[in-house]
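Structure below is query-v8.txt: compact mmCIF, C-alpha atoms and all ligand atoms.
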# COMPACT_ATOMS: atom_id res chain seq x y z
CA MET A 1 8.83 -29.65 87.08
CA ARG A 2 6.44 -28.19 84.50
CA ASN A 3 5.64 -29.96 81.26
CA PHE A 4 8.07 -28.49 78.75
CA VAL A 5 6.37 -29.96 75.70
CA ALA A 6 4.61 -27.22 73.74
CA GLN A 7 0.79 -27.24 73.73
CA THR A 8 0.77 -27.39 69.95
CA VAL A 9 2.85 -30.57 69.99
CA GLN A 10 0.85 -32.11 72.84
CA GLN A 11 -2.27 -31.56 70.78
CA LEU A 12 -0.95 -33.38 67.69
CA ARG A 13 -2.64 -36.76 67.41
CA PRO A 14 -0.12 -39.63 67.35
CA SER A 15 -0.15 -41.47 64.03
CA GLY A 16 -2.67 -44.32 64.02
CA ILE A 17 -0.28 -46.36 61.87
CA ARG A 18 2.54 -46.73 64.39
CA ARG A 19 0.63 -48.95 66.82
CA TYR A 20 0.20 -51.78 64.30
CA PHE A 21 3.85 -51.68 63.29
CA ASP A 22 4.80 -51.87 66.96
CA ILE A 23 2.59 -54.92 67.59
CA ALA A 24 3.73 -56.63 64.36
CA ALA A 25 7.37 -56.07 65.34
CA THR A 26 6.89 -58.28 68.41
CA MET A 27 5.52 -61.23 66.37
CA ASP A 28 7.05 -63.85 64.07
CA ASP A 29 5.86 -64.85 60.61
CA VAL A 30 3.76 -61.74 59.98
CA VAL A 31 2.70 -61.09 56.38
CA SER A 32 2.71 -57.33 56.15
CA LEU A 33 0.46 -55.37 53.82
CA SER A 34 1.05 -52.31 55.91
CA ILE A 35 4.14 -50.79 54.34
CA GLY A 36 3.83 -47.47 52.52
CA GLU A 37 6.97 -47.68 50.44
CA PRO A 38 8.23 -49.64 47.44
CA ASP A 39 9.56 -53.11 48.22
CA PHE A 40 11.96 -52.76 45.27
CA VAL A 41 15.48 -51.60 45.93
CA THR A 42 16.68 -48.56 44.01
CA PRO A 43 17.78 -49.62 40.48
CA GLY A 44 21.50 -50.43 40.33
CA HIS A 45 22.60 -47.70 37.90
CA ILE A 46 21.06 -45.06 40.20
CA VAL A 47 22.77 -46.52 43.29
CA ASP A 48 26.09 -46.62 41.40
CA LYS A 49 25.94 -42.91 40.58
CA GLY A 50 25.30 -42.02 44.22
CA VAL A 51 28.13 -44.23 45.48
CA GLU A 52 30.57 -43.05 42.78
CA SER A 53 29.91 -39.44 43.71
CA LEU A 54 30.70 -40.18 47.37
CA ARG A 55 33.94 -41.91 46.35
CA GLN A 56 34.85 -38.88 44.27
CA GLY A 57 34.66 -36.78 47.43
CA ASN A 58 31.33 -35.17 46.66
CA THR A 59 30.44 -34.91 50.33
CA ARG A 60 29.69 -31.22 50.87
CA TYR A 61 26.52 -29.11 50.92
CA THR A 62 25.10 -28.11 47.57
CA SER A 63 23.49 -24.79 46.68
CA ASN A 64 20.47 -24.18 48.97
CA SER A 65 18.05 -24.77 46.11
CA GLY A 66 19.72 -28.02 45.04
CA THR A 67 22.29 -28.53 42.28
CA ILE A 68 21.48 -26.64 39.11
CA GLU A 69 21.89 -29.90 37.13
CA LEU A 70 19.16 -31.57 39.18
CA ARG A 71 16.87 -28.54 39.02
CA ARG A 72 17.27 -28.49 35.23
CA ALA A 73 16.52 -32.20 35.09
CA ILE A 74 13.37 -31.71 37.22
CA SER A 75 12.29 -28.89 34.93
CA ASP A 76 12.82 -31.10 31.83
CA TYR A 77 11.03 -34.03 33.48
CA ILE A 78 7.92 -31.98 34.30
CA TYR A 79 7.96 -30.51 30.80
CA ARG A 80 8.26 -33.99 29.30
CA LEU A 81 5.37 -35.33 31.37
CA TYR A 82 2.96 -32.40 31.28
CA GLY A 83 4.26 -29.71 28.91
CA LEU A 84 4.59 -27.32 31.89
CA HIS A 85 7.55 -25.04 32.25
CA TYR A 86 9.14 -24.28 35.64
CA ASN A 87 12.26 -22.15 35.62
CA PRO A 88 15.11 -24.02 37.36
CA ASP A 89 16.52 -20.73 38.65
CA ASP A 90 13.63 -19.44 40.69
CA GLN A 91 10.73 -21.92 40.53
CA ILE A 92 12.20 -25.22 41.69
CA LEU A 93 13.59 -26.19 45.09
CA VAL A 94 15.05 -29.60 45.90
CA THR A 95 13.85 -30.79 49.32
CA VAL A 96 14.27 -33.64 51.77
CA GLY A 97 11.36 -35.51 50.27
CA VAL A 98 7.82 -34.23 49.89
CA SER A 99 7.72 -34.39 53.69
CA GLU A 100 9.96 -31.34 53.97
CA GLY A 101 8.43 -29.68 50.92
CA MET A 102 4.91 -29.95 52.34
CA TRP A 103 5.92 -28.38 55.62
CA LEU A 104 7.80 -25.53 53.91
CA ALA A 105 4.92 -24.83 51.56
CA LEU A 106 2.40 -24.66 54.39
CA LYS A 107 4.66 -22.59 56.61
CA ALA A 108 5.28 -20.21 53.72
CA ILE A 109 1.61 -19.40 53.19
CA LEU A 110 -0.15 -19.84 56.55
CA ASP A 111 -0.68 -17.21 59.20
CA PRO A 112 -1.88 -18.47 62.60
CA SER A 113 -5.39 -19.98 62.41
CA ASP A 114 -5.59 -19.92 58.61
CA GLU A 115 -7.64 -22.90 57.47
CA VAL A 116 -6.64 -25.54 54.95
CA LEU A 117 -9.23 -27.88 53.44
CA VAL A 118 -7.92 -31.44 53.46
CA PRO A 119 -10.03 -34.10 51.70
CA GLN A 120 -10.01 -37.31 53.73
CA PRO A 121 -9.12 -40.15 54.06
CA CYS A 122 -5.61 -38.80 53.58
CA PHE A 123 -1.93 -39.41 54.30
CA VAL A 124 -1.52 -39.08 58.08
CA ALA A 125 1.28 -36.52 57.88
CA ASN A 126 -0.64 -33.96 55.84
CA PRO A 127 -3.16 -32.66 58.44
CA ALA A 128 -0.36 -32.80 61.03
CA ALA A 129 1.83 -30.66 58.75
CA VAL A 130 -0.95 -28.04 58.58
CA GLU A 131 -1.16 -27.94 62.38
CA MET A 132 2.65 -27.85 62.77
CA ALA A 133 2.76 -24.88 60.42
CA GLY A 134 0.29 -23.04 62.69
CA GLY A 135 -2.80 -23.55 60.55
CA VAL A 136 -6.07 -25.39 61.10
CA SER A 137 -6.68 -28.54 59.12
CA VAL A 138 -10.34 -28.78 58.06
CA PRO A 139 -11.31 -32.32 57.06
CA VAL A 140 -13.52 -32.72 54.01
CA ASP A 141 -14.94 -36.24 54.04
CA THR A 142 -15.11 -38.27 50.87
CA CYS A 143 -16.92 -41.60 50.58
CA ALA A 144 -16.66 -45.02 48.99
CA GLU A 145 -19.83 -44.48 46.89
CA ASN A 146 -17.89 -41.69 45.13
CA ASP A 147 -14.72 -43.79 44.88
CA PHE A 148 -13.24 -41.40 47.46
CA GLN A 149 -13.12 -38.54 44.96
CA VAL A 150 -13.73 -35.13 46.51
CA THR A 151 -16.30 -32.92 44.77
CA GLY A 152 -16.38 -29.16 44.33
CA ALA A 153 -19.62 -29.01 46.33
CA GLN A 154 -18.03 -30.81 49.30
CA LEU A 155 -15.13 -28.37 49.29
CA GLU A 156 -17.35 -25.34 48.89
CA ALA A 157 -19.43 -26.37 51.91
CA ALA A 158 -16.29 -26.24 54.06
CA VAL A 159 -15.01 -22.82 52.90
CA THR A 160 -15.00 -20.04 55.54
CA PRO A 161 -13.51 -16.53 55.52
CA ARG A 162 -10.35 -18.06 57.07
CA THR A 163 -9.81 -20.64 54.33
CA LYS A 164 -6.49 -20.06 52.61
CA ALA A 165 -5.70 -23.28 50.77
CA ILE A 166 -6.77 -26.72 49.65
CA LEU A 167 -4.39 -29.63 50.13
CA ILE A 168 -4.97 -32.46 47.67
CA ASN A 169 -3.17 -35.74 47.08
CA TYR A 170 -4.00 -37.69 43.93
CA PRO A 171 -3.18 -40.50 43.27
CA ASN A 172 -4.19 -40.89 46.88
CA ASN A 173 -2.72 -42.54 49.90
CA PRO A 174 -4.59 -44.45 51.42
CA THR A 175 -7.42 -45.07 48.92
CA GLY A 176 -5.63 -45.35 45.58
CA ALA A 177 -8.16 -42.92 44.11
CA VAL A 178 -7.15 -40.89 41.05
CA LEU A 179 -9.18 -37.79 40.30
CA SER A 180 -10.69 -37.36 36.88
CA CYS A 181 -9.87 -34.18 35.00
CA ASP A 182 -13.45 -32.96 35.47
CA ARG A 183 -13.28 -33.43 39.23
CA LEU A 184 -9.95 -31.61 39.34
CA LYS A 185 -11.57 -28.76 37.44
CA GLU A 186 -14.23 -28.56 40.16
CA ILE A 187 -11.44 -28.01 42.70
CA ALA A 188 -9.88 -25.41 40.41
CA ALA A 189 -13.20 -23.56 40.21
CA ILE A 190 -13.44 -23.39 44.02
CA ALA A 191 -9.83 -22.19 44.28
CA GLU A 192 -10.60 -19.45 41.77
CA LYS A 193 -13.93 -18.44 43.28
CA TYR A 194 -12.60 -18.11 46.85
CA ASP A 195 -9.06 -17.01 45.94
CA LEU A 196 -7.32 -20.05 47.45
CA MET A 197 -3.91 -21.64 46.96
CA VAL A 198 -3.78 -25.36 46.09
CA LEU A 199 -1.06 -27.60 47.45
CA SER A 200 -0.93 -30.65 45.24
CA ASP A 201 0.98 -33.64 46.60
CA GLU A 202 1.61 -35.70 43.45
CA ILE A 203 4.17 -38.11 44.88
CA TYR A 204 2.37 -41.10 43.27
CA GLU A 205 1.98 -39.38 39.86
CA ARG A 206 3.85 -42.10 37.94
CA LEU A 207 1.97 -44.99 39.55
CA VAL A 208 -1.34 -44.96 37.68
CA TYR A 209 -2.98 -47.93 36.00
CA GLY A 210 -5.04 -47.59 32.84
CA VAL A 211 -5.84 -43.92 33.51
CA GLN A 212 -4.04 -40.66 32.96
CA HIS A 213 -2.74 -38.54 35.81
CA THR A 214 -3.49 -34.82 35.42
CA ASN A 215 -1.00 -32.42 36.93
CA PHE A 216 -3.05 -29.87 38.85
CA ALA A 217 -0.93 -26.87 37.80
CA SER A 218 -1.62 -27.69 34.15
CA LEU A 219 -5.34 -26.91 34.51
CA PRO A 220 -6.45 -23.56 33.08
CA GLY A 221 -5.70 -20.73 35.55
CA MET A 222 -4.06 -23.02 38.11
CA TYR A 223 -0.34 -22.55 37.38
CA GLU A 224 -0.30 -19.36 39.48
CA ARG A 225 -2.29 -20.93 42.30
CA THR A 226 -0.53 -24.26 42.67
CA ILE A 227 2.32 -25.37 44.86
CA LEU A 228 3.34 -28.63 43.24
CA LEU A 229 5.01 -31.22 45.48
CA SER A 230 6.57 -34.38 44.20
CA GLY A 231 9.68 -36.49 44.46
CA LEU A 232 11.51 -39.67 43.67
CA SER A 233 10.60 -41.79 46.70
CA LYS A 234 7.77 -43.81 45.20
CA SER A 235 8.23 -43.67 41.42
CA PHE A 236 11.92 -44.63 41.48
CA ALA A 237 11.97 -46.69 44.71
CA MET A 238 14.18 -44.11 46.40
CA THR A 239 12.53 -43.45 49.78
CA GLY A 240 15.81 -43.59 51.72
CA TRP A 241 17.62 -41.11 49.48
CA ARG A 242 15.26 -38.36 50.68
CA ILE A 243 14.81 -36.32 47.53
CA GLY A 244 11.69 -34.38 46.64
CA TYR A 245 10.95 -31.01 45.10
CA VAL A 246 8.63 -28.02 45.26
CA CYS A 247 7.60 -26.03 42.20
CA ALA A 248 5.63 -22.80 42.38
CA PRO A 249 5.43 -19.23 41.12
CA PRO A 250 8.60 -17.22 41.97
CA ALA A 251 7.08 -15.11 44.80
CA ILE A 252 5.95 -18.21 46.68
CA MET A 253 9.22 -19.97 45.96
CA GLU A 254 11.18 -17.14 47.48
CA ALA A 255 9.38 -17.67 50.79
CA VAL A 256 9.75 -21.45 50.56
CA ARG A 257 13.47 -21.19 49.80
CA LYS A 258 14.03 -18.82 52.72
CA LEU A 259 12.57 -21.38 55.14
CA HIS A 260 14.48 -24.28 53.57
CA GLN A 261 17.75 -22.35 53.76
CA TYR A 262 17.46 -21.84 57.53
CA LEU A 263 15.97 -25.25 58.27
CA ILE A 264 17.90 -27.69 56.08
CA MET A 265 20.61 -25.85 54.09
CA SER A 266 20.49 -28.37 51.26
CA ALA A 267 19.00 -31.78 50.51
CA PRO A 268 21.42 -34.76 50.73
CA THR A 269 24.17 -34.37 48.12
CA MET A 270 24.48 -38.07 47.34
CA GLY A 271 20.71 -38.26 46.92
CA GLN A 272 20.73 -35.37 44.47
CA VAL A 273 23.35 -37.08 42.30
CA ALA A 274 21.32 -40.30 42.30
CA ALA A 275 18.10 -38.39 41.55
CA LEU A 276 19.72 -36.79 38.51
CA GLU A 277 20.53 -40.24 37.14
CA ALA A 278 17.00 -41.45 37.89
CA LEU A 279 15.29 -38.57 36.10
CA GLN A 280 17.58 -38.80 33.09
CA HIS A 281 17.87 -42.58 32.69
CA GLY A 282 15.26 -44.23 34.91
CA GLU A 283 12.17 -44.37 32.69
CA ASP A 284 12.49 -48.11 31.97
CA ASP A 285 12.73 -48.78 35.70
CA VAL A 286 9.56 -46.79 36.39
CA ALA A 287 7.72 -48.71 33.65
CA ALA A 288 8.88 -52.10 34.94
CA MET A 289 7.90 -51.37 38.56
CA ARG A 290 4.55 -49.92 37.51
CA SER A 291 3.76 -53.01 35.49
CA GLU A 292 4.55 -55.28 38.46
CA TYR A 293 2.43 -53.11 40.81
CA ASP A 294 -0.42 -53.36 38.33
CA THR A 295 -0.30 -57.17 38.35
CA ARG A 296 -0.32 -57.18 42.15
CA ARG A 297 -3.13 -54.60 42.21
CA ARG A 298 -5.36 -56.88 40.18
CA LEU A 299 -4.48 -59.87 42.31
CA ILE A 300 -5.27 -58.16 45.60
CA VAL A 301 -8.45 -56.38 44.46
CA ALA A 302 -9.89 -59.59 42.97
CA GLY A 303 -8.87 -61.48 46.12
CA PHE A 304 -10.59 -59.00 48.46
CA ASN A 305 -13.77 -58.95 46.41
CA GLU A 306 -13.89 -62.77 46.45
CA LEU A 307 -13.58 -62.70 50.23
CA GLY A 308 -16.55 -60.33 50.49
CA LEU A 309 -14.34 -57.37 51.34
CA THR A 310 -15.81 -55.03 48.74
CA CYS A 311 -13.06 -53.08 47.09
CA PHE A 312 -13.49 -50.27 44.59
CA GLU A 313 -10.84 -50.31 41.91
CA PRO A 314 -7.83 -48.24 42.97
CA ARG A 315 -6.30 -46.60 39.91
CA GLY A 316 -3.14 -45.24 41.45
CA ALA A 317 -0.41 -45.50 44.12
CA PHE A 318 0.01 -49.00 45.63
CA TYR A 319 -2.87 -49.31 48.07
CA ALA A 320 -6.23 -51.06 48.10
CA PHE A 321 -8.90 -49.76 50.47
CA PRO A 322 -11.61 -52.43 50.87
CA SER A 323 -14.68 -52.17 53.06
CA ILE A 324 -14.86 -54.57 56.00
CA ALA A 325 -18.59 -53.97 56.56
CA ALA A 326 -19.29 -57.70 55.94
CA THR A 327 -17.58 -58.58 59.24
CA GLY A 328 -19.59 -56.18 61.39
CA MET A 329 -16.34 -55.25 63.17
CA SER A 330 -14.83 -51.82 63.56
CA ASP A 331 -11.77 -51.33 61.38
CA GLU A 332 -9.56 -51.18 64.47
CA ASP A 333 -10.93 -54.47 65.85
CA PHE A 334 -10.57 -56.06 62.43
CA CYS A 335 -6.90 -55.08 62.14
CA GLU A 336 -6.03 -56.14 65.66
CA ARG A 337 -7.78 -59.50 65.39
CA LEU A 338 -6.41 -60.21 61.94
CA LEU A 339 -2.92 -59.52 63.24
CA TYR A 340 -3.24 -61.65 66.37
CA GLU A 341 -5.28 -64.49 64.81
CA GLU A 342 -3.74 -64.78 61.35
CA ARG A 343 -0.59 -62.66 61.47
CA VAL A 344 -1.51 -60.37 58.63
CA ALA A 345 -0.80 -56.67 59.13
CA VAL A 346 -3.07 -54.07 57.51
CA ILE A 347 -3.94 -50.54 58.67
CA PRO A 348 -7.40 -49.39 59.86
CA GLY A 349 -8.96 -46.86 57.50
CA SER A 350 -9.88 -44.55 60.37
CA ALA A 351 -6.17 -43.85 60.92
CA PHE A 352 -6.47 -41.72 57.77
CA GLY A 353 -9.48 -39.70 58.92
CA ARG A 354 -12.97 -40.45 60.16
CA SER A 355 -14.35 -41.12 56.67
CA GLY A 356 -11.90 -44.02 56.37
CA ALA A 357 -13.72 -45.90 59.15
CA GLY A 358 -15.08 -49.29 58.08
CA HIS A 359 -12.21 -49.80 55.65
CA ILE A 360 -8.65 -51.08 55.78
CA ARG A 361 -5.58 -49.98 53.87
CA ALA A 362 -3.64 -52.84 52.31
CA SER A 363 -0.42 -52.02 50.52
CA TYR A 364 0.52 -54.12 47.50
CA ALA A 365 4.10 -52.90 47.56
CA THR A 366 5.05 -56.45 48.40
CA SER A 367 5.61 -59.63 46.39
CA GLN A 368 2.79 -61.54 44.67
CA GLN A 369 3.71 -64.48 46.86
CA ASN A 370 3.17 -62.40 50.01
CA ILE A 371 -0.14 -61.13 48.69
CA GLU A 372 -1.27 -64.71 48.02
CA ARG A 373 -0.21 -65.80 51.51
CA ALA A 374 -2.06 -62.84 53.05
CA LEU A 375 -5.20 -63.65 51.05
CA GLU A 376 -5.11 -67.32 52.16
CA ARG A 377 -4.87 -66.29 55.78
CA MET A 378 -7.60 -63.69 55.36
CA GLN A 379 -9.82 -66.34 53.79
CA ARG A 380 -9.54 -68.38 57.01
CA PHE A 381 -10.29 -65.24 59.01
CA MET A 382 -13.33 -64.40 56.90
CA ARG A 383 -14.69 -67.97 57.23
CA ARG A 384 -14.77 -67.40 60.97
CA HIS A 385 -15.93 -63.78 60.95
CA GLY A 386 -17.49 -63.00 57.56
C1 LIG B 401 0.86 -38.97 50.07
C2 LIG B 401 2.28 -38.94 50.53
N1 LIG B 401 2.94 -37.78 50.49
C3 LIG B 401 4.22 -37.70 50.91
C4 LIG B 401 4.90 -38.81 51.39
C5 LIG B 401 6.32 -38.65 51.84
O1 LIG B 401 7.15 -38.68 50.75
P1 LIG B 401 8.72 -38.38 50.83
O2 LIG B 401 9.42 -39.69 50.95
O3 LIG B 401 9.01 -37.72 49.51
O4 LIG B 401 8.99 -37.49 51.98
C6 LIG B 401 4.24 -40.04 51.43
C7 LIG B 401 4.92 -41.24 51.97
O5 LIG B 401 4.30 -42.24 52.29
C8 LIG B 401 2.90 -40.11 50.98
O6 LIG B 401 2.22 -41.27 50.98

Kindly transcribe the structure held in the file into structure tokens.
Amino acid sequence: MRNFVAQTVQQLRPSGIRRYFDIAATMDDVVSLSIGEPDFVTPGHIVDKGVESLRQGNTRYTSNSGTIELRRAISDYIYRLYGLHYNPDDQILVTVGVSEGMWLALKAILDPSDEVLVPQPCFVANPAAVEMAGGVSVPVDTCAENDFQVTGAQLEAAVTPRTKAILINYPNNPTGAVLSCDRLKEIAAIAEKYDLMVLSDEIYERLVYGVQHTNFASLPGMYERTILLSGLSKSFAMTGWRIGYVCAPPAIMEAVRKLHQYLIMSAPTMGQVAALEALQHGEDDVAAMRSEYDTRRRLIVAGFNELGLTCFEPRGAFYAFPSIAATGMSDEDFCERLLYEERVAVIPGSAFGRSGAGHIRASYATSQQNIERALERMQRFMRRHG
């Protein structure tokens, strides 16, 4: 029998993250710093609204674009945060997380072989989404010396006549980097100069520590060129509710909505009700979780630096991305040995692109106690291998 799996799918690289989860799942007493989602459960008042709505029989599809109440709340939320106005009628679409939104946005703008510049290290799903949408993902390497911030010059060097878009994600998974306003303006200048669209994945926008997050669409001239992607998964500890949103100029949104309508119909109804509650009454929850992440961030970064695992200061998301150069190991060897020898799970930086090599991603979306236990075990490991 022939191989029925499409070439395009065969060519997709399997996620480098999975392997470590699979190994860890076979072991006892593993301290995991590998998880990319909040360890908090969704705040009670948000859960209650979702459950109540189910009990009231609210179990049908919603409008394709999402309920108008939620779209209005998203519009108000973005206005409150950034002073930007998106019209709930034709500029906002509620999606099944940023995951769906990213795919729709790429599919809406890419013709076969169009190129998308993707600064790396980056979230594993983003280059894959470009390929799945028929485009070509062009990695643009960033480096630790620059705190993993992409520069305009690096992007410009990768532009070709086929380049159609730039896909950015700040605050960044896996590095925790937040881009300064000046650096974002460099990206804006390249987008303008070469007539490119910018897809801005701002899922970690609310998780920044001691710095300000700049919404890309709010930069001069960028509103028309930006497809803004965000959601409630990380800021409100709502990963399982599967609610995100896309905001863009009406012409782009029409294409995005058309795809969503055939693919998904509507995002989960219960999730939309809960998201409305979160956006309207969840600010204190966001502040409390952010403050706890910040304490853990300081604990883990100081701990890594003491162990000789040099770690630049991550200013956003909930990841630290230290260098493991002091051990002389490859990042993959380091992660495997650390898991087998000390039962601590972290992810090799190279899983997020070649420029992540020599680093590990450690998530601090776990308790302070777990972080302390992981650091103790890593201290033993570093005594043997440092
Ligand atoms: C950078 C980034 N974008 C998007 C997602 C997916 O978000 P969602 O739950 O909204 O689909 C993640 C999840 O880890 C992420 O890290």

Around ligand LIG 401 (chain B), out to 10 Å and counting all atoms listed in the file, which residues are there? I want them as a JSON list (two decimals) with C-alpha atoms, keeping the file's coordinate frame.
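Dumped to pocket_29.json:
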[["chain", "number", "residue", "atom", "x", "y", "z"],
["A", 35, "ILE", "CA", 4.14, -50.79, 54.34],
["A", 36, "GLY", "CA", 3.83, -47.47, 52.52],
["A", 37, "GLU", "CA", 6.97, -47.68, 50.44],
["A", 38, "PRO", "CA", 8.23, -49.64, 47.44],
["A", 95, "THR", "CA", 13.85, -30.79, 49.32],
["A", 96, "VAL", "CA", 14.27, -33.64, 51.77],
["A", 97, "GLY", "CA", 11.36, -35.51, 50.27],
["A", 98, "VAL", "CA", 7.82, -34.23, 49.89],
["A", 99, "SER", "CA", 7.72, -34.39, 53.69],
["A", 100, "GLU", "CA", 9.96, -31.34, 53.97],
["A", 101, "GLY", "CA", 8.43, -29.68, 50.92],
["A", 102, "MET", "CA", 4.91, -29.95, 52.34],
["A", 122, "CYS", "CA", -5.61, -38.80, 53.58],
["A", 123, "PHE", "CA", -1.93, -39.41, 54.30],
["A", 124, "VAL", "CA", -1.52, -39.08, 58.08],
["A", 125, "ALA", "CA", 1.28, -36.52, 57.88],
["A", 126, "ASN", "CA", -0.64, -33.96, 55.84],
["A", 168, "ILE", "CA", -4.97, -32.46, 47.67],
["A", 169, "ASN", "CA", -3.17, -35.74, 47.08],
["A", 170, "TYR", "CA", -4.00, -37.69, 43.93],
["A", 171, "PRO", "CA", -3.18, -40.50, 43.27],
["A", 172, "ASN", "CA", -4.19, -40.89, 46.88],
["A", 173, "ASN", "CA", -2.72, -42.54, 49.90],
["A", 174, "PRO", "CA", -4.59, -44.45, 51.42],
["A", 200, "SER", "CA", -0.93, -30.65, 45.24],
["A", 201, "ASP", "CA", 0.98, -33.64, 46.60],
["A", 202, "GLU", "CA", 1.61, -35.70, 43.45],
["A", 203, "ILE", "CA", 4.17, -38.11, 44.88],
["A", 204, "TYR", "CA", 2.37, -41.10, 43.27],
["A", 229, "LEU", "CA", 5.01, -31.22, 45.48],
["A", 230, "SER", "CA", 6.57, -34.38, 44.20],
["A", 231, "GLY", "CA", 9.68, -36.49, 44.46],
["A", 232, "LEU", "CA", 11.51, -39.67, 43.67],
["A", 233, "SER", "CA", 10.60, -41.79, 46.70],
["A", 234, "LYS", "CA", 7.77, -43.81, 45.20],
["A", 237, "ALA", "CA", 11.97, -46.69, 44.71],
["A", 238, "MET", "CA", 14.18, -44.11, 46.40],
["A", 239, "THR", "CA", 12.53, -43.45, 49.78],
["A", 240, "GLY", "CA", 15.81, -43.59, 51.72],
["A", 241, "TRP", "CA", 17.62, -41.11, 49.48],
["A", 242, "ARG", "CA", 15.26, -38.36, 50.68],
["A", 243, "ILE", "CA", 14.81, -36.32, 47.53],
["A", 244, "GLY", "CA", 11.69, -34.38, 46.64],
["A", 245, "TYR", "CA", 10.95, -31.01, 45.10],
["A", 317, "ALA", "CA", -0.41, -45.50, 44.12],
["A", 318, "PHE", "CA", 0.01, -49.00, 45.63],
["A", 319, "TYR", "CA", -2.87, -49.31, 48.07]]

Shortest interatomic distance to Gly210 in chain A - which of A:Leu276, A:Ala302, A:Glu313, A:Phe381, counting all atoms listed in the file
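Under the stated criterion, the closest residue is A:Glu313.
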
* Within 9 Å of range 253-262 of chain A, counting all atoms listed in the file, which residues qualify if same-chain residues fewer than 6 places away don't, as a list in words? ->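 Close residues of range 253-262 of chain A: Asn64, Ser65, Asp90, Gln91, Ile92, Leu93, Thr95, Glu100, Gly101, Leu104, Ala105, Leu106, Lys107, Ala108, Ile109, Ile227, Val246 and Cys247 of chain A.
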
Could those residues be written to a file, using C-alpha atoms, as a PDB file, in the coordinates of the input?
ATOM      1  CA  ASN A  64      20.470 -24.180  48.970  1.00  0.00           C
ATOM      2  CA  SER A  65      18.050 -24.770  46.110  1.00  0.00           C
ATOM      3  CA  ASP A  90      13.630 -19.440  40.690  1.00  0.00           C
ATOM      4  CA  GLN A  91      10.730 -21.920  40.530  1.00  0.00           C
ATOM      5  CA  ILE A  92      12.200 -25.220  41.690  1.00  0.00           C
ATOM      6  CA  LEU A  93      13.590 -26.190  45.090  1.00  0.00           C
ATOM      7  CA  THR A  95      13.850 -30.790  49.320  1.00  0.00           C
ATOM      8  CA  GLU A 100       9.960 -31.340  53.970  1.00  0.00           C
ATOM      9  CA  GLY A 101       8.430 -29.680  50.920  1.00  0.00           C
ATOM     10  CA  LEU A 104       7.800 -25.530  53.910  1.00  0.00           C
ATOM     11  CA  ALA A 105       4.920 -24.830  51.560  1.00  0.00           C
ATOM     12  CA  LEU A 106       2.400 -24.660  54.390  1.00  0.00           C
ATOM     13  CA  LYS A 107       4.660 -22.590  56.610  1.00  0.00           C
ATOM     14  CA  ALA A 108       5.280 -20.210  53.720  1.00  0.00           C
ATOM     15  CA  ILE A 109       1.610 -19.400  53.190  1.00  0.00           C
ATOM     16  CA  ILE A 227       2.320 -25.370  44.860  1.00  0.00           C
ATOM     17  CA  VAL A 246       8.630 -28.020  45.260  1.00  0.00           C
ATOM     18  CA  CYS A 247       7.600 -26.030  42.200  1.00  0.00           C
TER      19      CYS A 247
END

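Using all atoms listed in the file for every distance, the candidate list A:Leu179, A:Ala320, A:Cys143, A:Val344 yields A:Val344 as the residue closest to Tyr20 in chain A.
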
List every residue of range 61-146 of chain A that has an atom at most 12 Å from any atom of range 281-292 of chain A, and for each one report the closest atom pair and its distance in Å to one decimal, counting only C-alpha atoms, with rows sorted by chain and then by increasing residue number, as JSON lines.
{"residue": "A:Ala73", "atom": "CA", "partner": "A:His281", "partner_atom": "CA", "distance": 10.7}
{"residue": "A:Tyr77", "atom": "CA", "partner": "A:Glu283", "partner_atom": "CA", "distance": 10.4}
{"residue": "A:Arg80", "atom": "CA", "partner": "A:Glu283", "partner_atom": "CA", "distance": 11.6}
{"residue": "A:Leu81", "atom": "CA", "partner": "A:Glu283", "partner_atom": "CA", "distance": 11.4}

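Using all atoms listed in the file, the nearest neighbour of Ile347 in chain A within the list A:Gln368, A:Thr142, A:Ser32, A:Gln11 is A:Ser32.
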
re CA of Ala191 in chain A and CA of Ser355 in chain A: distance 23.1 Å
